[in-house]
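S.K.: Coordinates in run26.txt, compact mmCIF, C-alpha atoms, are listed below.
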# COMPACT_ATOMS: atom_id res chain seq x y z
CA MET A 10 -46.33 27.51 50.32
CA ALA A 11 -43.07 25.62 50.79
CA PRO A 12 -41.90 23.22 48.05
CA PRO A 13 -42.91 19.60 48.61
CA ASP A 14 -40.58 17.21 50.35
CA GLY A 15 -39.34 14.03 48.72
CA LEU A 16 -39.57 10.67 50.43
CA ASP A 17 -35.98 11.11 51.62
CA GLY A 18 -37.01 14.21 53.57
CA LEU A 19 -35.18 16.68 51.32
CA THR A 20 -36.99 19.71 49.99
CA GLU A 21 -37.64 19.49 46.28
CA GLN A 22 -37.11 22.55 44.11
CA PRO A 23 -38.66 22.59 40.62
CA LEU A 24 -36.12 23.18 37.87
CA THR A 25 -37.02 25.27 34.84
CA GLY A 26 -35.44 25.95 31.49
CA GLY A 27 -36.25 22.78 29.58
CA ASN A 28 -38.64 22.50 26.65
CA VAL A 29 -39.55 18.82 26.79
CA ALA A 30 -39.09 17.01 30.12
CA ALA A 31 -41.77 17.51 32.77
CA ALA A 32 -41.62 17.47 36.56
CA VAL A 33 -37.86 17.87 36.92
CA VAL A 34 -36.82 18.79 40.47
CA ARG A 35 -33.69 19.27 42.50
CA SER A 36 -33.43 17.31 45.74
CA GLY A 37 -30.22 18.03 47.62
CA ASP A 38 -27.31 17.23 45.33
CA THR A 39 -29.49 15.26 42.92
CA VAL A 40 -31.96 15.82 40.11
CA ARG A 41 -35.15 13.72 39.97
CA LYS A 42 -36.98 13.34 36.68
CA PRO A 43 -39.46 10.88 35.14
CA TRP A 44 -38.31 7.36 34.40
CA THR A 45 -38.97 6.35 30.78
CA PRO A 46 -38.66 3.09 28.84
CA ALA A 47 -35.31 4.39 27.55
CA THR A 48 -33.88 5.23 30.97
CA PRO A 49 -32.15 1.86 31.65
CA ALA A 50 -30.22 2.07 28.37
CA VAL A 51 -29.41 5.76 28.87
CA HIS A 52 -28.12 5.13 32.39
CA ALA A 53 -25.97 2.26 31.13
CA PHE A 54 -24.55 4.61 28.51
CA LEU A 55 -23.80 7.34 31.07
CA ARG A 56 -22.09 4.84 33.38
CA HIS A 57 -19.99 3.66 30.45
CA LEU A 58 -18.88 7.21 29.63
CA ARG A 59 -18.12 7.96 33.29
CA GLY A 60 -16.15 4.74 33.52
CA LYS A 61 -14.00 5.91 30.61
CA GLY A 62 -13.21 9.10 32.50
CA VAL A 63 -14.88 11.37 29.96
CA PRO A 64 -15.50 14.90 31.28
CA GLY A 65 -18.89 16.54 30.94
CA VAL A 66 -21.07 13.58 31.98
CA PRO A 67 -23.28 13.67 35.11
CA ALA A 68 -23.23 10.78 37.58
CA VAL A 69 -26.15 8.34 37.70
CA HIS A 70 -27.68 7.37 41.05
CA GLY A 71 -30.41 4.97 39.96
CA ARG A 72 -34.10 5.17 40.83
CA ASP A 73 -35.84 6.65 43.87
CA GLU A 74 -38.81 5.47 45.92
CA GLN A 75 -41.20 7.36 43.63
CA GLY A 76 -39.88 5.58 40.56
CA ARG A 77 -37.99 8.59 39.24
CA GLN A 78 -34.50 8.55 37.83
CA VAL A 79 -31.86 10.12 40.07
CA LEU A 80 -28.90 11.98 38.58
CA GLU A 81 -26.16 14.22 39.89
CA TYR A 82 -27.20 17.87 40.25
CA VAL A 83 -24.75 20.02 38.32
CA PRO A 84 -24.41 23.63 39.53
CA GLY A 85 -23.56 26.42 37.14
CA GLU A 86 -24.91 28.58 34.36
CA GLN A 87 -26.99 27.18 31.53
CA GLY A 88 -25.45 27.82 28.13
CA LEU A 89 -28.32 30.00 26.93
CA SER A 90 -27.76 32.34 29.89
CA ALA A 91 -24.01 32.61 29.36
CA PRO A 92 -22.34 35.04 26.93
CA PRO A 93 -21.72 33.66 23.41
CA MET A 94 -18.73 31.36 23.30
CA THR A 95 -15.42 32.71 22.13
CA VAL A 96 -13.62 31.02 19.26
CA ALA A 97 -11.32 29.33 21.77
CA GLU A 98 -14.32 28.04 23.73
CA LEU A 99 -15.95 26.73 20.57
CA ARG A 100 -12.75 24.86 19.80
CA ARG A 101 -12.79 23.39 23.32
CA LEU A 102 -16.41 22.39 22.77
CA GLY A 103 -15.49 20.48 19.61
CA THR A 104 -12.74 18.65 21.49
CA MET A 105 -15.20 17.76 24.24
CA VAL A 106 -17.70 16.31 21.76
CA ARG A 107 -14.95 14.29 20.08
CA ALA A 108 -14.02 12.78 23.46
CA LEU A 109 -17.65 11.80 24.05
CA HIS A 110 -17.90 10.15 20.65
CA ASP A 111 -14.61 8.31 20.99
CA ALA A 112 -15.61 6.96 24.42
CA SER A 113 -18.96 5.84 23.03
CA ALA A 114 -17.39 3.82 20.21
CA ASP A 115 -17.04 0.63 22.28
CA PHE A 116 -20.29 0.93 24.25
CA VAL A 117 -22.48 -2.16 23.96
CA PRO A 118 -26.14 -1.39 24.78
CA PRO A 119 -27.81 -3.72 27.29
CA PRO A 120 -30.02 -6.50 25.90
CA GLY A 121 -33.42 -5.17 24.90
CA ALA A 122 -32.25 -1.55 24.99
CA ARG A 123 -34.93 0.98 24.06
CA TRP A 124 -34.31 4.53 22.96
CA GLU A 125 -36.43 7.66 22.58
CA VAL A 126 -35.92 8.84 19.01
CA ALA A 127 -37.75 11.99 17.96
CA ILE A 128 -35.72 12.52 14.77
CA PRO A 129 -34.36 9.46 12.96
CA PRO A 130 -30.60 9.96 12.47
CA ASP A 131 -28.71 9.25 9.27
CA GLY A 132 -27.24 6.01 10.60
CA ALA A 133 -26.36 4.01 13.70
CA GLU A 134 -22.60 4.30 14.02
CA LEU A 135 -22.55 4.78 17.81
CA VAL A 136 -24.76 6.04 20.64
CA CYS A 137 -24.87 9.85 20.74
CA HIS A 138 -26.44 12.47 23.01
CA GLN A 139 -28.58 13.71 20.07
CA ASP A 140 -29.29 17.11 21.71
CA LEU A 141 -25.91 18.70 22.37
CA ALA A 142 -27.00 22.33 22.40
CA PRO A 143 -26.47 25.41 24.60
CA TRP A 144 -29.62 24.68 26.61
CA ASN A 145 -28.10 21.35 27.65
CA LEU A 146 -24.67 22.62 28.66
CA ILE A 147 -23.99 23.75 32.25
CA ARG A 148 -20.87 25.83 32.76
CA ASP A 149 -19.32 26.35 36.19
CA GLY A 150 -16.02 28.07 35.63
CA GLU A 151 -13.79 25.59 33.82
CA THR A 152 -16.19 22.72 34.49
CA TRP A 153 -18.55 22.03 31.59
CA THR A 154 -21.22 19.35 31.84
CA PHE A 155 -23.83 18.18 29.35
CA ILE A 156 -27.21 17.40 30.87
CA ASP A 157 -30.54 15.97 29.64
CA TRP A 158 -29.37 12.71 28.10
CA ASP A 159 -32.89 11.24 27.80
CA ALA A 160 -32.83 11.42 23.99
CA ALA A 161 -29.49 9.60 23.69
CA ALA A 162 -29.73 6.97 20.97
CA PRO A 163 -27.77 5.38 18.13
CA GLY A 164 -26.70 7.86 15.48
CA THR A 165 -23.59 9.04 13.68
CA ARG A 166 -20.72 11.29 14.63
CA LEU A 167 -21.47 13.75 11.82
CA TRP A 168 -25.21 13.94 12.59
CA ASP A 169 -24.46 14.76 16.23
CA LEU A 170 -21.67 17.17 15.32
CA ALA A 171 -23.86 18.98 12.78
CA TYR A 172 -26.30 19.86 15.57
CA VAL A 173 -23.46 21.12 17.79
CA ALA A 174 -21.97 23.14 14.93
CA GLN A 175 -25.31 24.80 14.20
CA THR A 176 -26.57 25.52 17.72
CA PHE A 177 -23.45 26.76 19.48
CA PRO A 178 -21.85 29.36 17.15
CA PRO A 179 -24.92 29.79 16.44
CA LEU A 180 -25.78 29.61 12.73
CA VAL A 181 -29.22 31.23 12.52
CA ALA A 182 -31.28 33.57 10.34
CA GLY A 183 -29.80 37.05 10.23
CA GLY A 184 -26.25 35.82 10.70
CA ASP A 185 -23.20 36.95 8.77
CA PRO A 186 -21.25 34.12 7.10
CA ARG A 187 -18.04 36.17 7.32
CA ALA A 188 -18.33 36.11 11.12
CA ASP A 189 -20.03 32.72 11.43
CA GLY A 190 -17.62 30.80 9.20
CA PRO A 191 -14.65 31.05 11.60
CA ARG A 192 -16.91 30.08 14.50
CA LEU A 193 -18.10 27.00 12.64
CA ARG A 194 -14.49 26.20 11.77
CA ALA A 195 -13.49 26.44 15.45
CA VAL A 196 -15.96 23.70 16.47
CA VAL A 197 -14.85 21.46 13.62
CA ASP A 198 -11.14 22.06 14.23
CA GLY A 199 -11.59 21.26 17.91
CA TYR A 200 -13.31 18.03 16.95
CA GLY A 201 -10.47 17.13 14.60
CA LEU A 202 -12.80 16.30 11.72
CA ASP A 203 -11.14 14.72 8.71
CA ALA A 204 -11.32 15.98 5.12
CA ALA A 205 -14.19 13.69 4.13
CA GLY A 206 -16.23 14.86 7.10
CA ARG A 207 -15.56 18.50 6.27
CA ASP A 208 -16.77 17.92 2.73
CA ALA A 209 -19.99 16.29 3.95
CA LEU A 210 -20.78 18.60 6.87
CA PRO A 211 -22.21 21.69 5.08
CA GLU A 212 -25.09 19.77 3.48
CA LEU A 213 -25.63 17.83 6.71
CA LEU A 214 -25.95 21.10 8.63
CA VAL A 215 -28.92 21.93 6.44
CA ARG A 216 -30.49 18.47 6.78
CA ARG A 217 -30.08 18.32 10.55
CA THR A 218 -31.50 21.79 11.05
CA ARG A 219 -34.38 21.20 8.63
CA ALA A 220 -35.17 17.99 10.53
CA MET A 221 -35.90 20.08 13.63
CA PHE A 222 -38.30 22.25 11.65
CA ASP A 223 -40.01 19.17 10.20
CA LEU A 224 -40.39 17.62 13.67
CA LEU A 225 -42.19 20.69 14.98
CA GLU A 226 -44.31 21.21 11.86
CA ASN A 227 -45.45 17.57 11.85
CA GLY A 228 -46.13 17.77 15.56
CA ALA A 229 -48.29 20.83 15.05
CA ARG A 230 -50.30 19.08 12.34
CA SER A 231 -50.87 15.99 14.49
CA GLY A 232 -51.23 17.80 17.80
CA THR A 233 -48.37 15.79 19.27
CA LEU A 234 -46.86 17.32 22.40
CA PRO A 235 -44.47 18.87 23.17
CA TRP A 236 -43.76 19.61 19.50
CA ALA A 237 -47.14 21.24 18.83
CA ARG A 238 -46.62 23.55 21.80
CA LEU A 239 -43.13 24.48 20.68
CA TRP A 240 -44.42 25.21 17.18
CA ALA A 241 -47.10 27.49 18.65
CA GLU A 242 -44.41 29.29 20.66
CA GLY A 243 -42.54 30.14 17.45
CA HIS A 244 -39.74 27.57 17.51
CA GLY A 245 -40.63 26.53 13.97
CA VAL A 246 -39.81 30.01 12.74
CA HIS A 247 -36.40 29.78 14.37
CA TRP A 248 -35.49 26.38 12.90
CA GLY A 249 -36.91 27.13 9.46
CA GLY A 250 -35.02 30.40 9.29
CA ALA A 251 -31.81 28.73 10.41
CA ALA A 252 -32.15 26.00 7.77
CA ASP A 253 -32.73 28.59 5.05
CA TYR A 254 -29.71 30.58 6.20
CA LEU A 255 -27.50 27.50 6.12
CA ALA A 256 -28.78 26.40 2.71
CA GLY A 257 -28.25 29.87 1.28
CA HIS A 258 -24.55 30.00 2.14
CA LEU A 259 -23.18 26.54 1.39
CA PRO A 260 -20.15 27.91 -0.56
CA GLU A 261 -19.15 30.00 2.46
CA TRP A 262 -19.36 27.03 4.84
CA ARG A 263 -17.31 24.88 2.47
CA SER A 264 -14.70 27.60 2.19
CA ALA A 265 -14.54 28.07 5.97
CA LEU A 266 -14.07 24.34 6.58
CA ARG A 267 -11.25 24.01 4.06
Using structure tokens, write down the structure from this file.

M.R.:
Amino acid sequence: MAPPDGLDGLTEQPLTGGNVAAAVVRSGDTVRKPWTPATPAVHAFLRHLRGKGVPGVPAVHGRDEQGRQVLEYVPGEQGLSAPPMTVAELRRLGTMVRALHDASADFVPPPGARWEVAIPPDGAELVCHQDLAPWNLIRDGETWTFIDWDAAAPGTRLWDLAYVAQTFPPLVAGGDPRADGPRLRAVVDGYGLDAAGRDALPELLVRRTRAMFDLLENGARSGTLPWARLWAEGHGVHWGGAADYLAGHLPEWRSALR
């Protein structure tokens, strides 16, 4: 059976690879996905970043006849499918995240802005992506684009960076701090983090990673989807193991960042 056609006559192709969003399809050069109460604020944020000329941000095309949000389709390879980043690429990643944060600093959310917040951040310094991870990075040669901005919300630079610095090197159970330390350092150096941030980051890595475990565990207890499903699929084991690994090697992370 052929894929369904959208109201604009273009064939729609279901897109896979995400853990949370449902009914995401490609239609021509666009992606269509459900509109949420947070979408107006998220789209305003994306337009702000694009207006500042920040690389790595997809274009926003509004809402279609079916009430779905319409975004630029970004071709390329999802980060999880690509080989592990080199140290140079991790440094580039840190620089890219710094540019996003700097461009966000003067963003003023629209009146009545609503956000989807699964994990409360440690503050509200500026609006952040909140899920900058390999599964949300599309790489097409030298063009890197972050996708899936639906969870964007107020947060802090360090909270957002801690997630990047854990997921991309990656820092997970079974790792070797002697190899992982320089990879963590590359992200942080690329970001240009100051001395105070480097002092605070190791403990925040543990907190941010443990927060993912807590989200899934609490979701499993309450039956809240999609967290209960992800817990059943073993994601809790991953995040719990990663948090334990980070907590068990704090001296090594501090040494690497100095």

S.K.: Select, from A:Trp44, A:Gly132, A:Glu125, A:Thr104, the residue with the minimum atom-to-atom distance to Pro64 of chain A, counting all atoms listed in the file.

M.R.: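 Closest to Pro64 of chain A, using all atoms listed in the file: A:Thr104.
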
S.K.: Please compute the atom CA of Gln22 of chain A-atom CA of Arg35 of chain A distance, one decimal, in Å.

M.R.: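 Value for the atom CA of Gln22 of chain A-atom CA of Arg35 of chain A distance: 5.0 Å.
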
S.K.: Please determine, counting only C-alpha atoms, which residue among A:Leu259, A:Ala241, A:Val83, A:Leu55 has the shortest atom-to-atom distance to Arg148 of chain A.

M.R.: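 Of A:Leu259, A:Ala241, A:Val83, A:Leu55, the one nearest Arg148 of chain A is A:Val83, counting only C-alpha atoms.
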
S.K.: For Pro23 of chain A, work out the shell of residues within 8 Å, counting all atoms listed in the file and skipping chain neighbours fewer than 6 positions away, then give it as a PDB file with C-alpha atoms, in the frame of the given file.

M.R.:
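Printed below is result.pdb as written:
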ATOM      1  CA  ALA A  32     -41.620  17.470  36.560  1.00  0.00           C
ATOM      2  CA  VAL A  33     -37.860  17.870  36.920  1.00  0.00           C
ATOM      3  CA  VAL A  34     -36.820  18.790  40.470  1.00  0.00           C
ATOM      4  CA  ARG A  35     -33.690  19.270  42.500  1.00  0.00           C
TER       5      ARG A  35
END

S.K.: Between atom CA of Leu170 of chain A and atom CA of Tyr82 of chain A, measure the distance and give it in Å to one decimal.

M.R.: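 Going from atom CA of Leu170 of chain A over to atom CA of Tyr82 of chain A covers 25.5 Å.
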
S.K.: Which one of A:Ala91, A:Leu210, A:Leu255, A:Cys137 sits closest to Ser113 of chain A if you count all atoms listed in the file?

M.R.: A:Cys137

S.K.: Taking 4 positions as the minimum chain separation for residues in the same chain, which residues sit within 7 Å of segment 219-234 of chain A when counting all atoms listed in the file? Answer as a ChimeraX atom specification.

M.R.: /A:128,215,238-240,245,248-249,252

S.K.: Find, counting only C-alpha atoms, the residue in A:Phe54, A:Pro43, A:Ala127, A:Gly103 that gets nearest to Trp236 of chain A.

M.R.: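 Counting only C-alpha atoms, the residue closest to Trp236 of chain A is A:Ala127.
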
S.K.: Please indicate the distance in Å from atom CA of Ala53 of chain A to atom CA of Leu141 of chain A, rounded to one decimal place.

M.R.: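 Computing it gives 18.6 Å between the two atoms.
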
S.K.: Name the residues within 8 Å of (-27.1, 25.9, 26.9), counting only C-alpha atoms in the file's coordinates, and put them as JSON, numbers by chain.

M.R.: {"A": [87, 88, 89, 90, 91, 142, 143, 144, 145, 146, 147]}

S.K.: When you count all atoms listed in the file, which of these residues is closest to Gln175 of chain A: A:Ala112, A:Leu99, A:Ala204, A:Val117?

M.R.: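 Among A:Ala112, A:Leu99, A:Ala204, A:Val117, it is A:Leu99 that comes nearest to Gln175 of chain A.
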
S.K.: For Thr39 of chain A, which residue out of A:Val69, A:Leu109, A:Leu80, A:Leu58 is the nearest one, using only C-alpha atoms?

M.R.: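 Among the listed residues, the smallest separation from Thr39 of chain A belongs to A:Leu80.
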
S.K.: Around the point (-16.8, 27.0, 17.2) in the file's coordinates, collect all residues with an atom within 8 Å, using all atoms listed in the file, and return them as a list in words.

M.R.: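 Output: Met94, Thr95, Val96, Ala97, Glu98, Leu99, Arg100, Leu102, Gly103, Ala174, Phe177, Pro178, Pro191, Arg192, Leu193, Arg194, Ala195, Val196, Val197 and Gly199 of chain A.
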
S.K.: Starting from the sparse input, extend segment 200-213 of chain A to N, CA, C and O atoms and give the output as a CSV table (one decimal), keeping the file's coordinate frame.

M.R.:
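This is the output file part_36.csv:
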chain,number,residue,atom,x,y,z
A,200,TYR,N,-12.9,19.4,17.1
A,200,TYR,CA,-13.3,18.0,17.0
A,200,TYR,C,-12.2,17.2,16.2
A,200,TYR,O,-12.1,16.0,16.5
A,201,GLY,N,-11.5,17.9,15.4
A,201,GLY,CA,-10.5,17.1,14.6
A,201,GLY,C,-11.1,16.4,13.4
A,201,GLY,O,-10.6,15.3,13.1
A,202,LEU,N,-12.1,17.0,12.8
A,202,LEU,CA,-12.8,16.3,11.7
A,202,LEU,C,-11.9,16.1,10.5
A,202,LEU,O,-11.2,17.1,10.1
A,203,ASP,N,-12.0,15.0,9.9
A,203,ASP,CA,-11.1,14.7,8.7
A,203,ASP,C,-11.7,15.4,7.5
A,203,ASP,O,-12.8,16.0,7.5
A,204,ALA,N,-10.9,15.3,6.4
A,204,ALA,CA,-11.3,16.0,5.1
A,204,ALA,C,-12.7,15.5,4.6
A,204,ALA,O,-13.5,16.3,4.1
A,205,ALA,N,-12.9,14.2,4.6
A,205,ALA,CA,-14.2,13.7,4.1
A,205,ALA,C,-15.4,14.2,4.9
A,205,ALA,O,-16.4,14.6,4.4
A,206,GLY,N,-15.2,14.3,6.2
A,206,GLY,CA,-16.2,14.9,7.1
A,206,GLY,C,-16.5,16.3,6.8
A,206,GLY,O,-17.6,16.8,6.8
A,207,ARG,N,-15.4,17.1,6.6
A,207,ARG,CA,-15.6,18.5,6.3
A,207,ARG,C,-16.3,18.7,4.9
A,207,ARG,O,-17.0,19.7,4.8
A,208,ASP,N,-16.1,17.8,4.0
A,208,ASP,CA,-16.8,17.9,2.7
A,208,ASP,C,-18.3,17.6,2.9
A,208,ASP,O,-19.1,18.3,2.2
A,209,ALA,N,-18.6,16.7,3.8
A,209,ALA,CA,-20.0,16.3,4.0
A,209,ALA,C,-20.8,17.2,4.9
A,209,ALA,O,-22.0,17.3,4.8
A,210,LEU,N,-20.1,17.9,5.8
A,210,LEU,CA,-20.8,18.6,6.9
A,210,LEU,C,-21.7,19.7,6.4
A,210,LEU,O,-22.8,19.9,7.0
A,211,PRO,N,-21.3,20.6,5.4
A,211,PRO,CA,-22.2,21.7,5.1
A,211,PRO,C,-23.6,21.3,4.7
A,211,PRO,O,-24.6,21.8,5.2
A,212,GLU,N,-23.8,20.2,3.8
A,212,GLU,CA,-25.1,19.8,3.5
A,212,GLU,C,-25.8,19.1,4.7
A,212,GLU,O,-27.0,19.3,4.8
A,213,LEU,N,-25.0,18.5,5.5
A,213,LEU,CA,-25.6,17.8,6.7
A,213,LEU,C,-26.1,18.9,7.7
A,213,LEU,O,-27.1,18.6,8.4
